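File shown: final.csv (CSV, C-alpha atoms).
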```
chain,number,residue,atom,x,y,z
A,1311,MET,CA,191.7,81.1,56.0
A,1312,LEU,CA,194.2,80.3,53.3
A,1313,ASP,CA,194.8,76.8,54.6
A,1314,LEU,CA,191.1,76.2,54.6
A,1315,GLY,CA,190.9,77.1,50.9
A,1316,LEU,CA,188.9,80.3,51.5
A,1317,ASP,CA,191.2,82.7,49.7
A,1318,TYR,CA,188.6,83.6,47.1
A,1319,LEU,CA,186.2,85.1,49.7
A,1320,THR,CA,185.9,88.9,49.7
A,1321,MET,CA,185.7,90.7,53.1
A,1322,ASP,CA,182.2,92.1,52.2
A,1323,ARG,CA,180.8,88.7,51.2
A,1324,PRO,CA,177.3,88.4,52.7
A,1325,GLY,CA,177.0,85.5,55.1
A,1326,ALA,CA,173.8,84.3,53.6
A,1327,THR,CA,175.6,83.6,50.3
A,1328,LEU,CA,178.1,81.2,51.9
A,1329,SER,CA,177.7,77.5,51.5
A,1330,THR,CA,177.5,75.1,54.5
A,1331,GLY,CA,181.1,74.0,53.9
A,1332,GLU,CA,182.3,77.6,53.8
A,1333,LEU,CA,180.5,78.5,57.0
A,1334,GLN,CA,181.9,75.5,58.8
A,1335,ARG,CA,185.5,76.3,57.7
A,1336,ILE,CA,185.1,80.0,58.8
A,1337,GLN,CA,184.1,78.8,62.2
A,1338,LEU,CA,187.1,76.5,62.4
A,1339,GLY,CA,189.4,79.4,61.4
A,1340,ARG,CA,187.9,81.6,64.1
A,1341,THR,CA,188.4,78.8,66.6
A,1342,LEU,CA,192.0,78.3,65.7
A,1343,ARG,CA,192.7,82.0,66.0
A,1344,THR,CA,191.6,81.9,69.7
A,1345,GLN,CA,194.5,79.6,70.6
A,1346,THR,CA,192.5,77.3,72.9
A,1347,THR,CA,194.1,74.4,74.8
A,1348,GLY,CA,192.6,71.5,76.7
A,1349,VAL,CA,189.3,71.7,74.6
A,1350,LEU,CA,187.5,68.7,73.0
A,1351,TYR,CA,186.3,69.6,69.5
A,1352,VAL,CA,183.6,67.4,67.9
A,1353,LEU,CA,182.9,67.8,64.2
A,1354,ASP,CA,180.1,66.0,62.4
A,1355,GLU,CA,181.1,65.3,58.7
A,1356,PRO,CA,183.0,68.5,58.1
A,1357,SER,CA,184.2,67.2,54.7
A,1358,VAL,CA,180.7,67.2,53.2
A,1359,GLY,CA,180.7,69.1,49.9
A,1360,LEU,CA,184.4,69.8,50.0
A,1361,HIS,CA,186.9,69.3,47.1
A,1362,PRO,CA,189.8,66.9,48.0
A,1363,ASP,CA,192.2,69.8,48.0
A,1364,ASN,CA,190.0,71.6,50.5
A,1365,VAL,CA,190.0,68.5,52.6
A,1366,SER,CA,193.8,68.5,52.9
A,1367,GLY,CA,193.6,72.0,54.2
A,1368,LEU,CA,191.0,70.9,56.7
A,1369,ILE,CA,193.2,68.1,57.9
A,1370,LYS,CA,196.0,70.6,58.4
A,1371,ILE,CA,193.8,72.7,60.7
A,1372,PHE,CA,192.8,69.6,62.7
A,1373,HIS,CA,196.5,68.9,63.3
A,1374,GLN,CA,197.1,72.5,64.4
A,1375,LEU,CA,194.3,72.2,66.9
A,1376,VAL,CA,195.8,69.1,68.3
A,1377,ALA,CA,199.3,70.7,68.4
A,1378,GLN,CA,197.8,73.5,70.6
A,1379,GLY,CA,196.9,70.8,73.2
A,1380,ASN,CA,193.3,70.1,72.1
A,1381,SER,CA,191.5,66.9,71.3
A,1382,VAL,CA,189.5,66.5,68.0
A,1383,VAL,CA,186.8,63.9,67.4
A,1384,VAL,CA,185.6,63.8,63.7
A,1385,VAL,CA,182.6,61.8,62.5
A,1386,ASP,CA,183.3,61.3,58.8
A,1387,HIS,CA,183.4,58.9,55.8
A,1388,GLU,CA,186.2,60.7,53.9
A,1389,THR,CA,189.1,58.2,53.7
A,1390,SER,CA,191.8,60.9,53.7
A,1391,ILE,CA,190.5,62.3,57.0
A,1392,ILE,CA,190.3,58.7,58.5
A,1393,ASP,CA,193.8,58.0,57.3
A,1394,ALA,CA,195.1,61.2,58.9
A,1395,ALA,CA,193.7,60.3,62.3
A,1396,ASP,CA,195.9,59.2,65.2
A,1397,TRP,CA,193.2,56.7,66.3
A,1398,ILE,CA,190.3,55.2,64.5
A,1399,ILE,CA,187.1,53.9,66.1
A,1400,GLU,CA,185.0,51.9,63.6
A,1401,ILE,CA,181.3,51.3,64.3
A,1402,GLY,CA,179.0,48.9,62.5
A,1403,PRO,CA,178.7,46.4,61.0
A,1404,GLY,CA,175.5,47.8,59.4
A,1405,SER,CA,173.0,50.6,59.9
A,1406,GLY,CA,170.2,51.0,62.5
A,1407,GLU,CA,169.6,47.8,64.4
A,1408,GLN,CA,172.4,46.1,62.4
A,1409,GLY,CA,174.9,48.6,63.9
A,1410,GLY,CA,175.9,49.7,67.4
A,1411,THR,CA,179.0,47.5,67.6
A,1412,ILE,CA,182.6,48.5,67.8
A,1413,ILE,CA,184.1,46.6,64.8
A,1414,ASP,CA,187.6,47.7,65.3
A,1415,GLN,CA,189.8,50.4,66.7
A,1416,GLY,CA,193.4,51.3,66.4
A,1417,THR,CA,195.9,53.4,64.4
A,1418,PRO,CA,195.5,53.8,60.7
A,1419,ASP,CA,198.2,51.2,60.0
A,1420,GLN,CA,196.6,48.7,62.5
A,1421,ILE,CA,193.2,49.2,60.8
A,1422,LYS,CA,194.6,48.7,57.3
A,1423,ALA,CA,196.1,45.4,58.4
A,1424,SER,CA,193.0,44.2,60.2
A,1425,HIS,CA,190.9,41.4,58.7
A,1426,GLN,CA,187.8,42.4,60.6
A,1427,SER,CA,187.7,46.1,59.6
A,1428,LEU,CA,185.2,47.0,56.9
A,1429,ILE,CA,186.8,50.4,56.1
A,1430,ALA,CA,190.3,48.9,55.6
A,1431,PRO,CA,189.9,48.0,51.9
A,1432,PHE,CA,188.9,51.6,51.2
A,1433,LEU,CA,191.9,53.0,53.1
A,1434,THR,CA,194.3,50.7,51.2
A,1435,GLY,CA,192.6,51.4,47.9
A,1436,LYS,CA,191.6,47.8,47.3
A,1437,GLY,CA,187.9,48.5,47.8
A,1438,GLN,CA,185.6,48.4,44.7
A,1439,LEU,CA,183.7,51.7,44.3
A,1440,LEU,CA,182.1,51.4,40.9
A,1441,THR,CA,178.5,50.2,41.1
A,1442,ARG,CA,177.7,50.2,37.4
A,1443,GLN,CA,179.4,50.2,34.0
A,1444,LYS,CA,180.3,53.6,32.6
A,1445,ALA,CA,178.3,55.0,29.7
A,1446,THR,CA,179.5,54.0,26.3
A,1447,GLY,CA,178.8,55.4,22.8
A,1448,LYS,CA,177.7,58.9,22.1
A,1449,VAL,CA,177.0,60.7,25.4
A,1450,PHE,CA,174.7,63.3,23.7
A,1451,ALA,CA,172.8,60.7,21.6
A,1452,ALA,CA,169.5,61.6,23.4
A,1453,GLY,CA,170.1,65.4,23.1
A,1454,ALA,CA,171.2,68.1,25.6
A,1455,ILE,CA,170.1,70.8,27.9
A,1456,LYS,CA,171.9,74.0,26.9
A,1457,LEU,CA,172.7,76.8,29.3
A,1458,LYS,CA,174.7,80.1,29.0
A,1459,VAL,CA,175.2,82.5,31.9
A,1460,ASN,CA,176.6,85.9,31.2
A,1461,HIS,CA,177.4,87.1,34.7
A,1462,ARG,CA,176.4,85.7,38.1
A,1463,PHE,CA,178.8,86.0,41.1
A,1464,ASN,CA,182.1,84.5,39.8
A,1465,LEU,CA,180.5,83.0,36.6
A,1466,ASN,CA,181.3,85.1,33.5
A,1467,GLN,CA,180.2,84.1,30.0
A,1468,VAL,CA,179.9,80.4,31.0
A,1469,GLY,CA,178.2,78.0,28.5
A,1470,VAL,CA,177.6,74.3,29.3
A,1471,ASN,CA,175.7,71.4,27.8
A,1472,PHE,CA,174.1,68.7,30.0
A,1473,PRO,CA,173.5,65.4,28.2
A,1474,ILE,CA,170.0,64.0,28.5
A,1475,ASN,CA,169.4,60.6,30.0
A,1476,ARG,CA,172.9,60.6,31.5
A,1477,LEU,CA,174.5,61.0,35.0
A,1478,ILE,CA,176.2,64.4,35.1
A,1479,ALA,CA,178.8,65.3,37.8
A,1480,VAL,CA,179.5,69.0,38.4
A,1481,THR,CA,182.7,69.2,40.4
A,1482,GLY,CA,185.4,71.8,41.4
A,1483,PHE,CA,186.8,73.6,44.4
A,1484,SER,CA,184.5,74.9,47.0
A,1485,GLY,CA,183.4,78.3,45.9
A,1486,ALA,CA,184.2,77.6,42.2
A,1487,GLY,CA,180.6,78.3,41.2
A,1488,LYS,CA,179.0,74.8,41.1
A,1489,THR,CA,175.9,75.8,43.1
A,1490,THR,CA,175.6,79.1,41.2
A,1491,LEU,CA,175.7,77.2,37.9
A,1492,VAL,CA,173.2,74.5,38.9
A,1493,LEU,CA,170.8,76.2,41.3
A,1494,ASP,CA,170.9,79.8,40.2
A,1495,GLY,CA,171.4,78.9,36.5
A,1496,LEU,CA,169.9,75.6,35.5
A,1497,LEU,CA,167.2,75.2,38.1
A,1498,THR,CA,166.1,78.9,38.0
A,1499,ALA,CA,165.9,78.8,34.2
A,1500,PHE,CA,163.7,75.6,34.3
A,1501,GLU,CA,161.4,77.1,37.0
A,1502,ALA,CA,161.0,80.3,35.0
A,1503,ASP,CA,160.0,78.4,31.8
A,1504,LEU,CA,157.7,76.0,33.6
A,1505,ASN,CA,155.9,78.8,35.4
A,1506,HIS,CA,155.9,81.1,32.3
A,1507,ARG,CA,158.0,83.7,33.9
A,1508,SER,CA,160.8,85.8,32.5
A,1509,ARG,CA,164.2,84.3,32.9
A,1510,PRO,CA,166.7,86.3,35.1
A,1511,SER,CA,168.9,88.8,33.1
A,1512,TYR,CA,172.0,86.8,33.8
A,1513,ILE,CA,170.8,83.8,31.8
A,1514,ASP,CA,171.6,84.5,28.1
A,1515,GLN,CA,170.6,81.2,26.7
A,1516,PHE,CA,168.5,78.2,27.8
A,1517,ASP,CA,167.3,75.2,25.8
A,1518,PRO,CA,165.6,72.5,28.0
A,1519,GLY,CA,165.7,69.9,25.2
A,1520,ARG,CA,163.1,67.2,25.8
A,1521,ILE,CA,162.9,67.8,29.6
A,1522,ARG,CA,159.5,69.0,30.8
A,1523,HIS,CA,159.6,68.4,34.5
A,1524,ILE,CA,162.2,68.9,37.3
A,1525,VAL,CA,162.7,67.6,40.8
A,1526,SER,CA,165.1,69.5,43.2
A,1527,VAL,CA,166.5,67.6,46.2
A,1528,ASP,CA,168.6,69.4,48.7
A,1529,ALA,CA,169.6,69.2,52.4
A,1530,THR,CA,166.6,71.1,53.7
A,1531,PRO,CA,165.0,69.1,56.5
A,1532,VAL,CA,162.0,67.2,55.1
A,1533,GLY,CA,159.9,67.7,58.2
A,1534,LYS,CA,160.0,70.5,60.7
A,1535,ASN,CA,157.5,69.3,63.3
A,1536,ALA,CA,156.9,66.3,65.6
A,1537,ARG,CA,154.2,64.9,63.4
A,1538,SER,CA,156.3,64.3,60.3
A,1539,THR,CA,157.6,60.8,60.0
A,1540,VAL,CA,159.2,58.6,57.3
A,1541,ALA,CA,155.8,57.1,56.6
A,1542,THR,CA,153.9,60.4,56.4
A,1543,TYR,CA,156.6,62.1,54.2
A,1544,THR,CA,156.4,59.2,51.7
A,1545,ASN,CA,153.2,57.7,50.4
A,1546,ILE,CA,153.4,54.8,52.9
A,1547,MET,CA,151.1,56.3,55.5
A,1548,ASP,CA,148.3,56.9,53.0
A,1549,HIS,CA,148.3,53.3,51.9
A,1550,LEU,CA,148.6,52.0,55.5
A,1551,ARG,CA,145.5,54.0,56.5
A,1552,LYS,CA,143.5,52.6,53.6
A,1553,LEU,CA,144.8,49.1,54.4
A,1554,PHE,CA,143.7,49.2,58.0
A,1555,ALA,CA,140.3,50.9,57.1
A,1556,SER,CA,139.6,47.9,54.8
A,1557,LEU,CA,139.9,45.3,57.6
A,1558,PRO,CA,136.7,43.7,58.8
A,1559,ALA,CA,137.2,44.9,62.4
A,1560,ALA,CA,137.5,48.5,61.1
A,1561,LYS,CA,134.4,48.2,58.9
A,1562,GLN,CA,132.4,46.8,61.8
A,1563,LYS,CA,133.2,49.9,63.8
A,1564,HIS,CA,132.8,52.2,60.8
A,1565,TYR,CA,136.4,53.4,60.9
A,1566,THR,CA,137.4,55.3,57.8
A,1567,PRO,CA,141.1,56.0,56.8
A,1568,SER,CA,141.0,59.2,58.9
A,1569,TYR,CA,140.7,57.1,62.1
A,1570,PHE,CA,144.1,55.7,61.3
A,1571,SER,CA,145.8,59.0,61.4
A,1572,TYR,CA,147.3,60.3,64.7
A,1573,ASN,CA,146.8,63.8,63.3
A,1574,ASN,CA,143.0,63.5,63.6
A,1575,LYS,CA,140.9,63.5,66.7
A,1576,GLN,CA,139.3,60.2,65.8
A,1577,GLY,CA,142.7,58.4,65.8
A,1578,GLY,CA,145.1,60.4,67.9
A,1579,CYS,CA,145.8,59.7,71.6
A,1580,PRO,CA,143.6,62.2,73.7
A,1581,THR,CA,146.5,62.9,76.1
A,1582,CYS,CA,149.3,63.8,73.8
A,1583,GLY,CA,147.2,64.7,70.7
A,1584,GLY,CA,149.0,62.2,68.6
A,1585,THR,CA,152.6,63.4,69.1
A,1586,GLY,CA,153.5,60.4,71.4
A,1587,GLU,CA,155.1,62.8,73.9
A,1588,ILE,CA,154.1,65.5,76.4
A,1589,SER,CA,156.0,68.6,77.4
A,1590,LEU,CA,156.3,69.6,81.0
A,1591,ASP,CA,156.7,73.2,81.8
A,1592,ILE,CA,159.5,73.7,84.4
A,1593,GLN,CA,159.9,77.2,85.7
A,1594,TYR,CA,163.3,78.8,85.1
A,1595,LEU,CA,164.4,75.7,83.1
A,1596,PRO,CA,163.8,74.4,79.6
A,1597,ASP,CA,160.7,72.3,79.1
A,1598,MET,CA,161.1,68.6,79.8
A,1599,VAL,CA,159.7,66.2,77.1
A,1600,GLU,CA,158.7,62.7,78.1
A,1601,THR,CA,156.9,59.8,76.5
A,1602,CYS,CA,153.1,60.0,76.8
A,1603,PRO,CA,151.9,57.9,79.8
A,1604,THR,CA,148.6,57.1,78.1
A,1605,CYS,CA,149.7,55.7,74.7
A,1606,GLY,CA,153.3,54.9,75.6
A,1607,GLY,CA,154.5,56.8,72.5
A,1608,LYS,CA,152.3,54.9,70.1
A,1609,ARG,CA,150.4,58.2,69.2
A,1610,PHE,CA,147.1,56.4,68.6
A,1611,ASN,CA,144.1,55.9,71.0
A,1612,LYS,CA,143.5,52.5,72.4
A,1613,GLN,CA,140.3,51.9,70.3
A,1614,VAL,CA,142.3,52.3,67.0
A,1615,LEU,CA,145.1,50.1,68.3
A,1616,GLN,CA,142.6,47.2,68.7
A,1617,VAL,CA,142.3,46.9,64.9
A,1618,LYS,CA,144.9,44.3,63.9
A,1619,TRP,CA,146.4,43.3,60.6
A,1620,HIS,CA,148.4,40.0,60.8
A,1621,GLY,CA,148.3,40.5,64.5
A,1622,LEU,CA,149.8,44.0,64.3
A,1623,SER,CA,148.3,47.4,65.1
A,1624,ILE,CA,149.1,50.3,62.9
A,1625,ALA,CA,151.5,51.5,65.6
A,1626,ASP,CA,153.2,48.1,65.5
A,1627,VAL,CA,153.7,48.5,61.8
A,1628,LEU,CA,155.1,52.0,62.1
A,1629,ASP,CA,157.7,50.6,64.6
A,1630,TYR,CA,159.1,48.3,61.8
A,1631,ASP,CA,162.2,49.5,60.0
A,1632,VAL,CA,162.3,49.6,56.2
A,1633,ASP,CA,164.2,46.3,55.9
A,1634,GLN,CA,161.7,44.5,58.1
A,1635,ALA,CA,158.7,46.1,56.4
A,1636,ILE,CA,159.8,44.9,53.0
A,1637,GLU,CA,159.3,41.3,54.0
A,1638,LEU,CA,155.9,42.3,55.6
A,1639,PHE,CA,154.6,44.1,52.5
A,1640,LYS,CA,156.2,41.9,49.8
A,1641,LYS,CA,152.7,41.3,48.3
A,1642,ASN,CA,151.7,45.0,48.5
A,1643,THR,CA,153.1,46.6,45.4
A,1644,ALA,CA,152.2,50.2,46.4
A,1645,ILE,CA,154.0,50.1,49.8
A,1646,GLY,CA,156.6,47.7,48.6
A,1647,ALA,CA,157.8,49.9,45.8
A,1648,THR,CA,158.5,52.8,48.1
A,1649,LEU,CA,160.2,50.6,50.6
A,1650,ARG,CA,162.5,49.1,48.0
A,1651,VAL,CA,163.6,52.6,46.9
A,1652,LEU,CA,164.4,53.6,50.4
A,1653,GLN,CA,166.4,50.4,50.9
A,1654,GLN,CA,168.3,50.9,47.7
A,1655,MET,CA,169.3,54.4,48.9
A,1656,GLY,CA,170.8,52.8,52.1
A,1657,LEU,CA,167.9,53.8,54.3
A,1658,GLY,CA,166.8,50.3,55.3
A,1659,TYR,CA,167.5,51.0,59.0
A,1660,LEU,CA,165.0,53.9,59.2
A,1661,HIS,CA,161.8,53.1,61.1
A,1662,LEU,CA,158.5,54.0,59.4
A,1663,GLY,CA,157.4,56.0,62.4
A,1664,GLU,CA,160.7,57.7,62.8
A,1665,ALA,CA,160.5,61.5,63.0
A,1666,THR,CA,162.0,63.4,59.9
A,1667,ARG,CA,162.6,66.6,61.9
A,1668,PRO,CA,166.2,67.3,63.1
A,1669,CYS,CA,166.7,65.5,66.3
A,1670,PRO,CA,167.4,67.6,69.5
A,1671,ALA,CA,170.7,66.9,71.1
A,1672,GLY,CA,170.6,63.9,73.4
A,1673,LYS,CA,167.2,62.8,72.3
A,1674,PRO,CA,166.7,59.7,70.0
A,1675,SER,CA,164.7,60.3,66.8
A,1676,GLY,CA,163.1,56.9,66.6
```
Kindly present the structure from the file in structure tokens form.
Amino acid sequence: MLDLGLDYLTMDRPGATLSTGELQRIQLGRTLRTQTTGVLYVLDEPSVGLHPDNVSGLIKIFHQLVAQGNSVVVVDHETSIIDAADWIIEIGPGSGEQGGTIIDQGTPDQIKASHQSLIAPFLTGKGQLLTRQKATGKVFAAGAIKLKVNHRFNLNQVGVNFPINRLIAVTGFSGAGKTTLVLDGLLTAFEADLNHRSRPSYIDQFDPGRIRHIVSVDATPVGKNARSTVATYTNIMDHLRKLFASLPAAKQKHYTPSYFSYNNKQGGCPTCGGTGEISLDIQYLPDMVETCPTCGGKRFNKQVLQVKWHGLSIADVLDYDVDQAIELFKKNTAIGATLRVLQQMGLGYLHLGEATRPCPAGKPSG
């Protein structure tokens, strides 16, 4: 637990108050204690949210697991973890359809010397990380958000100023109080003021400055059911429905935008109800899910799929990834604007009809 940087945790600390990184490291600590051997451990991005010093402790645990006679496979972008590996497998070169190829594999020294590796410049320190010029001049020229917390968990009499119209990084060791300061302090104070509620007693002072609206983005899954997709979660699906409803073929059949939604009876496949898949009940075994035999996973009924835009049905459009769709909708400002934002965030490989819910093990999401 000390090697994993969890020395600050008390024995009576409620599990619900632990961060994802803390929970994952506790699980690793418990695993190491059992002294296993001949086991394959697979970890998916264990360094997420960790301070560099915590990562070094994590690497030490990996080596201890290997020393016991186990194998450890880590999927991660953290260069210190990659550099500490005995063997590196690099996949790419891009995302989605642009990926799926083994670019290179070898020891860290071999990868660093490789001309075909894309991660090599970042392992050697030659890769350029800055994407824009740092701010110059007076950082607080546009004002500040002022916050003071008297006592909340390990925060005691903490006062901070957040400059307005700037990019602010809150950093520190895991468990240092970053989430408490930002979520319990800053976000809670804003929500209380915006909803005309009393602020929590642990907030002594709060001045929002010129800020009047807040948007909180966390790691909570954006869709929890089979009907939520990239297109439905953004504004893309609403615009697509209106676009297809405006076509001559749709008007001739009196199809309104509701017909181009697989969530409605008018548009959804009658067999699967618009989910694109059916569940088979197998006694004594988990249900088996397979592609709908009627719509072939397209979700819509055959009448709606006969309405074409540039030779494409709405299901065909939803099968496009963001990068492909940008070219398709380059003249449509409403859809194009959303697609460009997704692309700028590195999500160009996502398909518009791809499910946003967490993907079950062994089952593709797109």
Item to complete: Compile the contact shell of Asn1545 in chain A as JSON, numbers by chain: residues with an atom at most 12 Å away, counting only C-alpha atoms, same-chain residues fewer than 4 positions apart removed.
Response: {"A": [1539, 1540, 1541, 1549, 1550, 1551, 1552, 1644, 1645, 1646, 1647, 1648, 1649, 1652, 1662]}
Could you write out the selected residues, including C-alpha atoms, as a compact mmCIF listing (two decimals), keeping the file's coordinate frame?
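Output file out-v1.txt is given in full below:
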```txt
# COMPACT_ATOMS: atom_id res chain seq x y z
CA THR A 1539 157.60 60.80 60.00
CA VAL A 1540 159.20 58.60 57.30
CA ALA A 1541 155.80 57.10 56.60
CA HIS A 1549 148.30 53.30 51.90
CA LEU A 1550 148.60 52.00 55.50
CA ARG A 1551 145.50 54.00 56.50
CA LYS A 1552 143.50 52.60 53.60
CA ALA A 1644 152.20 50.20 46.40
CA ILE A 1645 154.00 50.10 49.80
CA GLY A 1646 156.60 47.70 48.60
CA ALA A 1647 157.80 49.90 45.80
CA THR A 1648 158.50 52.80 48.10
CA LEU A 1649 160.20 50.60 50.60
CA LEU A 1652 164.40 53.60 50.40
CA LEU A 1662 158.50 54.00 59.40
```
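Put simply, CA of Pro1558 in chain A is 23.8 Å away from CA of Cys1605 in chain A.
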Worksheet item: Excluding same-chain residues fewer than 2 positions from Thr1585 in chain A, what lies within 10 Å of it counting only C-alpha atoms, as number ranges by chain?
Response: A: 1535-1538, 1572-1573, 1578-1579, 1581-1583, 1587-1588, 1601-1602, 1605, 1607-1610
Preceding selection exported with C-alpha atoms as a PDB file, keeping the file's coordinate frame:
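Saved result, result_8.pdb, follows:
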```pdb
ATOM      1  CA  ASN A1535     157.500  69.300  63.300  1.00  0.00           C
ATOM      2  CA  ALA A1536     156.900  66.300  65.600  1.00  0.00           C
ATOM      3  CA  ARG A1537     154.200  64.900  63.400  1.00  0.00           C
ATOM      4  CA  SER A1538     156.300  64.300  60.300  1.00  0.00           C
ATOM      5  CA  TYR A1572     147.300  60.300  64.700  1.00  0.00           C
ATOM      6  CA  ASN A1573     146.800  63.800  63.300  1.00  0.00           C
ATOM      7  CA  GLY A1578     145.100  60.400  67.900  1.00  0.00           C
ATOM      8  CA  CYS A1579     145.800  59.700  71.600  1.00  0.00           C
ATOM      9  CA  THR A1581     146.500  62.900  76.100  1.00  0.00           C
ATOM     10  CA  CYS A1582     149.300  63.800  73.800  1.00  0.00           C
ATOM     11  CA  GLY A1583     147.200  64.700  70.700  1.00  0.00           C
ATOM     12  CA  GLU A1587     155.100  62.800  73.900  1.00  0.00           C
ATOM     13  CA  ILE A1588     154.100  65.500  76.400  1.00  0.00           C
ATOM     14  CA  THR A1601     156.900  59.800  76.500  1.00  0.00           C
ATOM     15  CA  CYS A1602     153.100  60.000  76.800  1.00  0.00           C
ATOM     16  CA  CYS A1605     149.700  55.700  74.700  1.00  0.00           C
ATOM     17  CA  GLY A1607     154.500  56.800  72.500  1.00  0.00           C
ATOM     18  CA  LYS A1608     152.300  54.900  70.100  1.00  0.00           C
ATOM     19  CA  ARG A1609     150.400  58.200  69.200  1.00  0.00           C
ATOM     20  CA  PHE A1610     147.100  56.400  68.600  1.00  0.00           C
TER      21      PHE A1610
END
```
Worksheet item: Which one of A:Gln1438, A:Arg1462, A:His1523, A:Ile1546 sits closest to Pro1510 in chain A if you count only C-alpha atoms?
Response: A:Arg1462
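Proximity to Ser1484 in chain A was assessed for A:Gln1613, A:Asn1471, A:Asn1364, A:Thr1604 counting all atoms listed in the file; the smallest distance is recorded for A:Asn1364.
Across the model, the gap from CA of Pro1473 in chain A to CA of Thr1327 in chain A is 28.7 Å.
By all atoms listed in the file, and with residues fewer than 5 positions from range 1351-1356 of chain A along its chain excluded, the set lying at most 9 Å from it is A:Gly1331, A:Gln1334, A:Arg1335, A:Val1365, A:Leu1368, A:Leu1375, A:Asn1380, A:Ser1381, A:Val1382, A:Val1383, A:Val1384, A:Val1385, A:Asp1386, A:His1387, A:Glu1388.
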Item to complete: Identify which of the residues A:Gln1515, A:Arg1667, A:Lys1436, A:Phe1463 lies closest to Tyr1318 in chain A, counting all atoms listed in the file when measuring atom-to-atom distances.
Response: A:Phe1463
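Between CA of Thr1666 in chain A and CA of Val1532 in chain A there is a distance of 6.1 Å.
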